[in-house]
Amino acid sequence: MTAAQAWPDQEGTHRPVVDKQVSAREAVSLVRDGDHVAIGGTLYSRTPMALLFELLRTGRTGLTLSRPLACHEADLFLACGAAERLVTSWVGIGLRWGLSPVLRYWVENSLARYDEWSHLALGLRYKAAAMGVPFLPTRTMLGSDLAERNQAQRVTCPYTGEELLAVPALVPDVAILHVHRADIYGNVQVDGYRHMDVDMARAARRVIVSAEEIVTPEVIAAAPGATMLPHFTVDAVVEAPFGAYPHECYGRYEADVGHFDDYVALLREHGPDGARRYVERNVLAHQDFDGFLEAAGAGRLRELAEAARELVP
Amino acid sequence: MTGVTPEERMAVTASRLLADNRVVFAGVGMPLLASGLARRRQAPHLTIVLEGGIIGTRLLPGRLPISTNEMRAAYGAPMLTDISDIFLYAQRGFFDYGFLGAAQVDRYGNINTSFIGDPDSPKVRLPGSGGAADIICLCREIFIVTSHERRRFVDAVDFITSPGYLTGGDSRRAAGLTSGRPAAVVTDLALLDFEPQTKQMRLRQVQPGVSVAAVQEATGFPLLLGDDITELPEPSPTELEMLRELSGEGQDNHER
């Protein structure tokens with residue numbers, strides 16, 4: 001990692017206040033072959049699944065994916081040959097579903113790279129880029145083999161002489177997020193926790209947001225404290241109700257753990273190729289994300305929405 | 001009340017380590033059960049923090065989270081923030097306790113959750129650190145909770161994902177890790193700590209009916225032995241009742 005690679009763009013971005021609402025298909029055209037795509041949310045929470053499924057339909061290749069914790073979406077991109085590198089701190093669905101045989105196959109056979117950083121180190125890498133500085137000092141990961149394997153350098157504090165780890169800025173080409181609501185200009189709100197979405201988006205060169213609802217600017221302005229990104233950070237806005245399904249969206253719907261069970265059963269039957277079959281059945285077999293949601297069934301979605309309402313204030 | 005499972009023994013043993021009015025950085029599974037039990041019993045003002053950005057979760061009995069980042073993990077919490085922010089609270093020194101599991105752990109409490117075999121050509125690519133490396137670097141007292149098996153308690157870990165006492169002695173401090181320390185290892189066979197000078201793992205207490213020899217047999221390196229190795233008390237009926245109520249025994253937590 002050279003300083004030049006780590007340094008975020010500072011030439012500025014000029015994003016006029018215009019209607020940015022587009023279809024998922026138009027939005028993902030902002031992603032090019034070989035791009036580094038940062039995926040919002042964490043594990044199976046607020047994953048921008050509608051946009052990711054659309055991105056899989058484009059047949060892009062050579063992607064690097066980064067994410068705080070990667071879930072089954074990472075498997076899908078590896079299995080289709082869309083991604084060749086992951087930058088994250090953990091890969092899997094959850095302990096009860098075991099190790100990902102897809103990750104194991106692709107990484108153990110050197111078909112893909114997994115650059116592992118600690119959770120905070122990855123967060124600080126996005127944060128450095130979001131702050132417009134080339135690195136941030138931290139006490140985490142000191143003494144670990146993770147620091148060595150990533151060639152993370154130490155830095156001496158000019159005031160106290162303390163040695164700290166300097167984690168390099170991480171600049172995604174595109175950040176893709178799913179949120180609760182946005183207006184057409186790209187003012188974006190979420191309910192609940194924000195994962196690493198804010199730093200990730202501010203770090204990225206281009207930002208695509210899907211939202212459960214597109215609302216008027218007046219609705220956004222009525223709760224300004226819930227706004228996590230202003231319009232001048234966002235390039236495209238896509239309306240996508242249930243756009244994180246089968247993952248969860250805080251307060252809106254719980255994750256569909258039965259869907260994960262079915263996915264893991266497919267992997268058990270077909271090995272790593274099960275993930276490619278999953279994409280055929282759930283992504284390529286449908287025209288768009290609505291087709292996938294219809295196949296899941298309105299009843300199922302209603303149950304998940306009801307289960308979510310019991311968990312939030 | 002039915003027989004005590006090894007998991008229940010570990011959760012109860014770990015929960016007894018937690019004092020009131022402290023802040024614990026927990027993970028899902030055993031650490032969350034132990035922390036939830038402590039809150040119900042001796043530590044009603046214990047604040048449970050989860051890496052998803054959740055401060056002060058209360059947990060809905062029978063609907064425990066599978067992930068530290070999901071709605072169930074946030075149930076009843078007075079504050080939600082972002083992931084990096086939670087770890088920065090830890091770096092600032094706010095978190096008294098941190099829990100970790102381990103695929104491999106060595107005599108100095110170094111933990112591997114990244115690779116089995118050579119990292120450049122691994123036999124198994126494990127899921128990775130998640131927040132584990134951060135927790136062991138940034139929380140004050142670290143508790144390692146894992147089942148006690150020879151394949152886990154190894155002479156040398158294949159990769160240090162989460163640095164414990166590194167090579168023992170003063171090496172952890174010398175690496176720049178100046179605040180936290182691995183304090184205890186809780187297993188289904190024993191409670192262990194680290195000898196203050198050499199920082200080597202030391203057997204302190206055994207689970208009921210477990211011999212010192214059995215603990216050593218399940219450990220891939222020679223254990224230091226504490227002065228007076230006693231038996232841990234059995235989980236009390238109250239502890240078991242609270243624990244089972246929390247986990248929703250008799251129903252699968254994860255199914256709806």
# chains A, B, ... in the order shown; residues from 1 in each chain; ligands from 1
call {"tool": "residues_around", "arguments": {"residues": "Leu164 (chain A)", "least_positions_apart": "4", "cutoff": "10 Å", "atoms": "only C-alpha atoms", "output": "PyMOL selection string"}}
result
(chain A and resi 136-142+153-157) or (chain B and resi 175-177)
call {"tool": "closest_atom_pairs", "arguments": {"of": "chain A", "to": "chain B", "cutoff": "6 Å", "atoms": "only C-alpha atoms", "output": "CSV"}}
result
residue,atom,partner,partner_atom,distance
A:Ser89,CA,B:Gly130,CA,4.7
A:Trp90,CA,B:Gly128,CA,4.6
A:Val91,CA,B:Pro127,CA,4.8
A:Arg104,CA,B:Arg125,CA,5.5
A:Glu108,CA,B:Pro122,CA,5.9
A:Ser118,CA,B:Ser129,CA,5.7
A:His119,CA,B:Gly131,CA,4.9
A:Leu120,CA,B:Ser84,CA,5.6
A:Gly123,CA,B:Ser84,CA,5.4
A:Thr140,CA,B:Asp134,CA,5.4
A:Gly143,CA,B:Ala175,CA,5.3
A:Ser144,CA,B:Pro163,CA,5.2
A:Asp145,CA,B:Ile160,CA,5.0
A:Leu146,CA,B:Thr161,CA,5.9
A:Tyr193,CA,B:Leu80,CA,5.2
A:Arg194,CA,B:Asp82,CA,4.9
A:His195,CA,B:Asp82,CA,4.7
A:Tyr250,CA,B:Met71,CA,5.9
A:Leu311,CA,B:Tyr75,CA,5.8
call {"tool": "write_last_selection", "arguments": {"atoms": "N, CA and C atoms", "output": "short mmCIF file (atom, residue, chain, number, x, y, z; two decimals), in the first residue's frame"}}
result
data_model
loop_
_atom_site.label_atom_id
_atom_site.label_comp_id
_atom_site.auth_asym_id
_atom_site.auth_seq_id
_atom_site.Cartn_x
_atom_site.Cartn_y
_atom_site.Cartn_z
N SER A 89 -13.67 -7.95 7.88
CA SER A 89 -13.13 -8.50 9.13
C SER A 89 -13.69 -9.89 9.43
N TRP A 90 -14.72 -10.30 8.71
CA TRP A 90 -15.37 -11.58 9.02
C TRP A 90 -16.25 -11.98 7.85
N VAL A 91 -16.29 -13.26 7.54
CA VAL A 91 -17.16 -13.74 6.46
C VAL A 91 -17.96 -14.94 6.94
N ARG A 104 -14.21 -20.65 1.57
CA ARG A 104 -13.12 -21.62 1.71
C ARG A 104 -12.60 -22.04 0.34
N GLU A 108 -8.99 -20.70 -0.32
CA GLU A 108 -7.99 -21.76 -0.09
C GLU A 108 -7.34 -22.19 -1.41
N SER A 118 -9.07 -6.02 11.37
CA SER A 118 -10.00 -6.07 12.49
C SER A 118 -11.17 -5.15 12.18
N HIS A 119 -12.26 -5.37 12.90
CA HIS A 119 -13.47 -4.60 12.65
C HIS A 119 -13.20 -3.09 12.77
N LEU A 120 -12.56 -2.68 13.87
CA LEU A 120 -12.28 -1.26 14.06
C LEU A 120 -11.28 -0.75 13.02
N GLY A 123 -13.07 0.03 10.01
CA GLY A 123 -13.88 1.23 10.23
C GLY A 123 -13.03 2.49 10.17
N THR A 140 -5.56 -0.45 18.22
CA THR A 140 -6.02 -1.80 17.93
C THR A 140 -5.06 -2.52 16.99
N GLY A 143 0.62 -5.70 17.63
CA GLY A 143 1.15 -6.99 18.07
C GLY A 143 0.52 -8.20 17.38
N SER A 144 -0.52 -7.97 16.57
CA SER A 144 -1.19 -9.10 15.91
C SER A 144 -0.51 -9.45 14.59
N ASP A 145 -0.76 -10.66 14.12
CA ASP A 145 -0.27 -11.03 12.79
C ASP A 145 -1.10 -10.36 11.69
N LEU A 146 -2.29 -9.87 12.05
CA LEU A 146 -3.10 -9.14 11.07
C LEU A 146 -2.36 -7.88 10.63
N TYR A 193 -29.30 1.82 14.29
CA TYR A 193 -27.84 1.98 14.17
C TYR A 193 -27.42 2.23 12.72
N ARG A 194 -26.24 2.82 12.60
CA ARG A 194 -25.79 3.26 11.27
C ARG A 194 -24.67 2.39 10.69
N HIS A 195 -24.28 1.36 11.43
CA HIS A 195 -23.18 0.48 10.97
C HIS A 195 -21.96 1.35 10.61
N TYR A 250 -33.82 -2.45 10.07
CA TYR A 250 -34.19 -2.11 11.45
C TYR A 250 -35.61 -1.54 11.56
N LEU A 311 -39.92 -5.66 18.18
CA LEU A 311 -38.58 -5.49 18.73
C LEU A 311 -38.14 -4.03 18.86
#
call {"tool": "atom_distance", "arguments": {"atom1": "CA of Pro313 (chain A)", "atom2": "CA of Phe242 (chain A)"}}
result
20.3 Å
call {"tool": "residues_around", "arguments": {"residues": "Ser45 (chain A)", "least_positions_apart": "3", "cutoff": "7 Å", "atoms": "only C-alpha atoms", "output": "list in words"}}
result
Gly41, Thr42, His247, Glu248 and Cys249 of chain A; Asn69 and Glu70 of chain B
call {"tool": "closest_residue", "arguments": {"among": "B:Met10, B:Val24, B:Met30, B:Ala19", "to": "Gln42 (chain B)", "atoms": "only C-alpha atoms"}}
result
B:Ala19
call {"tool": "select_by_dssp", "arguments": {"residues": "region 94-210 of chain A", "states": "helix (DSSP H, G or I)", "output": "JSON, numbers by chain"}}
result
{"A": [95, 96, 97, 101, 102, 103, 104, 105, 106, 107, 108, 119, 120, 121, 122, 123, 124, 125, 126, 127, 128, 129, 130, 131, 145, 146, 147, 148, 149, 197, 198, 199, 200, 201, 202, 203]}
call {"tool": "write_last_selection", "arguments": {"atoms": "N, CA and C atoms", "output": "mmCIF file, in the first residue's frame"}}
result
data_model
loop_
_atom_site.group_PDB
_atom_site.id
_atom_site.type_symbol
_atom_site.label_atom_id
_atom_site.label_comp_id
_atom_site.auth_asym_id
_atom_site.auth_seq_id
_atom_site.Cartn_x
_atom_site.Cartn_y
_atom_site.Cartn_z
ATOM 1 N N LEU A 95 -22.679 -18.150 13.316
ATOM 2 C CA LEU A 95 -22.012 -19.377 13.758
ATOM 3 C C LEU A 95 -22.861 -20.625 13.525
ATOM 4 N N ARG A 96 -24.186 -20.481 13.664
ATOM 5 C CA ARG A 96 -25.011 -21.686 13.547
ATOM 6 C C ARG A 96 -25.041 -22.240 12.126
ATOM 7 N N TRP A 97 -24.640 -21.421 11.135
ATOM 8 C CA TRP A 97 -24.614 -21.895 9.744
ATOM 9 C C TRP A 97 -23.227 -22.368 9.322
ATOM 10 N N PRO A 101 -18.477 -22.532 2.791
ATOM 11 C CA PRO A 101 -17.692 -23.384 1.885
ATOM 12 C C PRO A 101 -17.298 -22.628 0.614
ATOM 13 N N VAL A 102 -18.030 -21.565 0.307
ATOM 14 C CA VAL A 102 -17.724 -20.776 -0.887
ATOM 15 C C VAL A 102 -16.446 -19.982 -0.640
ATOM 16 N N LEU A 103 -16.394 -19.275 0.494
ATOM 17 C CA LEU A 103 -15.179 -18.546 0.866
ATOM 18 C C LEU A 103 -13.996 -19.513 0.908
ATOM 19 N N ARG A 104 -14.213 -20.655 1.567
ATOM 20 C CA ARG A 104 -13.118 -21.616 1.712
ATOM 21 C C ARG A 104 -12.601 -22.045 0.343
ATOM 22 N N TYR A 105 -13.505 -22.413 -0.559
ATOM 23 C CA TYR A 105 -13.088 -22.894 -1.876
ATOM 24 C C TYR A 105 -12.298 -21.816 -2.626
ATOM 25 N N TRP A 106 -12.830 -20.614 -2.675
ATOM 26 C CA TRP A 106 -12.205 -19.555 -3.481
ATOM 27 C C TRP A 106 -10.897 -19.061 -2.882
ATOM 28 N N VAL A 107 -10.850 -18.966 -1.560
ATOM 29 C CA VAL A 107 -9.629 -18.428 -0.937
ATOM 30 C C VAL A 107 -8.563 -19.511 -0.750
ATOM 31 N N GLU A 108 -8.993 -20.701 -0.319
ATOM 32 C CA GLU A 108 -7.994 -21.761 -0.089
ATOM 33 C C GLU A 108 -7.343 -22.191 -1.407
ATOM 34 N N HIS A 119 -12.259 -5.374 12.898
ATOM 35 C CA HIS A 119 -13.471 -4.603 12.652
ATOM 36 C C HIS A 119 -13.205 -3.092 12.768
ATOM 37 N N LEU A 120 -12.558 -2.682 13.869
ATOM 38 C CA LEU A 120 -12.277 -1.257 14.056
ATOM 39 C C LEU A 120 -11.280 -0.752 13.021
ATOM 40 N N ALA A 121 -10.253 -1.553 12.724
ATOM 41 C CA ALA A 121 -9.256 -1.102 11.747
ATOM 42 C C ALA A 121 -9.934 -0.799 10.412
ATOM 43 N N LEU A 122 -10.852 -1.655 10.000
ATOM 44 C CA LEU A 122 -11.564 -1.401 8.747
ATOM 45 C C LEU A 122 -12.393 -0.123 8.862
ATOM 46 N N GLY A 123 -13.067 0.032 10.008
ATOM 47 C CA GLY A 123 -13.878 1.231 10.226
ATOM 48 C C GLY A 123 -13.035 2.493 10.174
ATOM 49 N N LEU A 124 -11.829 2.423 10.743
ATOM 50 C CA LEU A 124 -10.951 3.597 10.736
ATOM 51 C C LEU A 124 -10.371 3.852 9.350
ATOM 52 N N ARG A 125 -10.254 2.795 8.557
ATOM 53 C CA ARG A 125 -9.780 2.978 7.175
ATOM 54 C C ARG A 125 -10.819 3.785 6.383
ATOM 55 N N TYR A 126 -12.098 3.425 6.521
ATOM 56 C CA TYR A 126 -13.140 4.238 5.872
ATOM 57 C C TYR A 126 -13.151 5.648 6.459
ATOM 58 N N LYS A 127 -12.993 5.717 7.792
ATOM 59 C CA LYS A 127 -13.090 7.021 8.468
ATOM 60 C C LYS A 127 -11.968 7.958 8.021
ATOM 61 N N ALA A 128 -10.763 7.406 7.861
ATOM 62 C CA ALA A 128 -9.647 8.232 7.387
ATOM 63 C C ALA A 128 -9.997 8.845 6.031
ATOM 64 N N ALA A 129 -10.478 8.001 5.122
ATOM 65 C CA ALA A 129 -10.840 8.511 3.794
ATOM 66 C C ALA A 129 -11.988 9.509 3.903
ATOM 67 N N ALA A 130 -12.937 9.232 4.800
ATOM 68 C CA ALA A 130 -14.082 10.126 4.987
ATOM 69 C C ALA A 130 -13.627 11.476 5.540
ATOM 70 N N MET A 131 -12.523 11.475 6.292
ATOM 71 C CA MET A 131 -11.991 12.707 6.888
ATOM 72 C C MET A 131 -11.033 13.421 5.950
ATOM 73 N N ASP A 145 -0.758 -10.664 14.119
ATOM 74 C CA ASP A 145 -0.271 -11.032 12.787
ATOM 75 C C ASP A 145 -1.104 -10.357 11.693
ATOM 76 N N LEU A 146 -2.291 -9.869 12.049
ATOM 77 C CA LEU A 146 -3.102 -9.135 11.074
ATOM 78 C C LEU A 146 -2.355 -7.883 10.628
ATOM 79 N N ALA A 147 -1.745 -7.184 11.591
ATOM 80 C CA ALA A 147 -1.008 -5.958 11.268
ATOM 81 C C ALA A 147 0.134 -6.278 10.314
ATOM 82 N N GLU A 148 0.843 -7.359 10.629
ATOM 83 C CA GLU A 148 1.998 -7.729 9.818
ATOM 84 C C GLU A 148 1.577 -8.158 8.419
ATOM 85 N N ARG A 149 0.555 -9.007 8.353
ATOM 86 C CA ARG A 149 0.113 -9.540 7.059
ATOM 87 C C ARG A 149 -0.371 -8.419 6.136
ATOM 88 N N ASP A 197 -22.016 3.034 7.587
ATOM 89 C CA ASP A 197 -22.527 3.641 6.359
ATOM 90 C C ASP A 197 -22.026 5.059 6.109
ATOM 91 N N VAL A 198 -21.983 5.866 7.161
ATOM 92 C CA VAL A 198 -21.645 7.279 6.975
ATOM 93 C C VAL A 198 -20.201 7.423 6.484
ATOM 94 N N ASP A 199 -19.273 6.779 7.190
ATOM 95 C CA ASP A 199 -17.866 6.896 6.783
ATOM 96 C C ASP A 199 -17.633 6.280 5.411
ATOM 97 N N MET A 200 -18.272 5.135 5.182
ATOM 98 C CA MET A 200 -18.117 4.435 3.903
ATOM 99 C C MET A 200 -18.563 5.326 2.735
ATOM 100 N N ALA A 201 -19.702 5.978 2.911
ATOM 101 C CA ALA A 201 -20.240 6.817 1.830
ATOM 102 C C ALA A 201 -19.368 8.058 1.621
ATOM 103 N N ARG A 202 -18.949 8.656 2.718
ATOM 104 C CA ARG A 202 -18.128 9.868 2.585
ATOM 105 C C ARG A 202 -16.750 9.558 2.038
ATOM 106 N N ALA A 203 -16.314 8.295 2.222
ATOM 107 C CA ALA A 203 -15.015 7.868 1.698
ATOM 108 C C ALA A 203 -15.055 7.593 0.203
#
call {"tool": "atom_distance", "arguments": {"atom1": "CA of Glu84 (chain A)", "atom2": "CA of Tyr114 (chain A)"}}
result
8.7 Å
call {"tool": "select_by_dssp", "arguments": {"residues": "region 141-275 of chain A", "states": "strand (DSSP E or B)", "output": "PyMOL selection string"}}
result
chain A and resi 153-156+163-168+174-182+188-189+195+206-214+227-229+236-239+248-249+253
call {"tool": "atom_distance", "arguments": {"atom1": "CA of Arg58 (chain B)", "atom2": "CA of Met242 (chain B)"}}
result
14.1 Å
call {"tool": "closest_residue", "arguments": {"among": "A:Pro217, A:Gly34, A:Gly62, A:Gly186", "to": "Pro16 (chain A)", "atoms": "only C-alpha atoms"}}
result
A:Gly186
call {"tool": "residues_around", "arguments": {"residues": "region 98-102 of chain B", "least_positions_apart": "5", "cutoff": "6 Å", "atoms": "only C-alpha atoms", "output": "list of chain:residue names"}}
result
B:Val24, B:Phe25, B:Ala26, B:Ile111, B:Ile135, B:Cys139, B:Ile142, B:Phe143, B:Ile144, B:Val145, B:Thr146
call {"tool": "closest_residue", "arguments": {"among": "B:Ser35, B:Glu8, B:Asp118, B:Gly62", "to": "Glu249 (chain B)", "atoms": "only C-alpha atoms"}}
result
B:Gly62
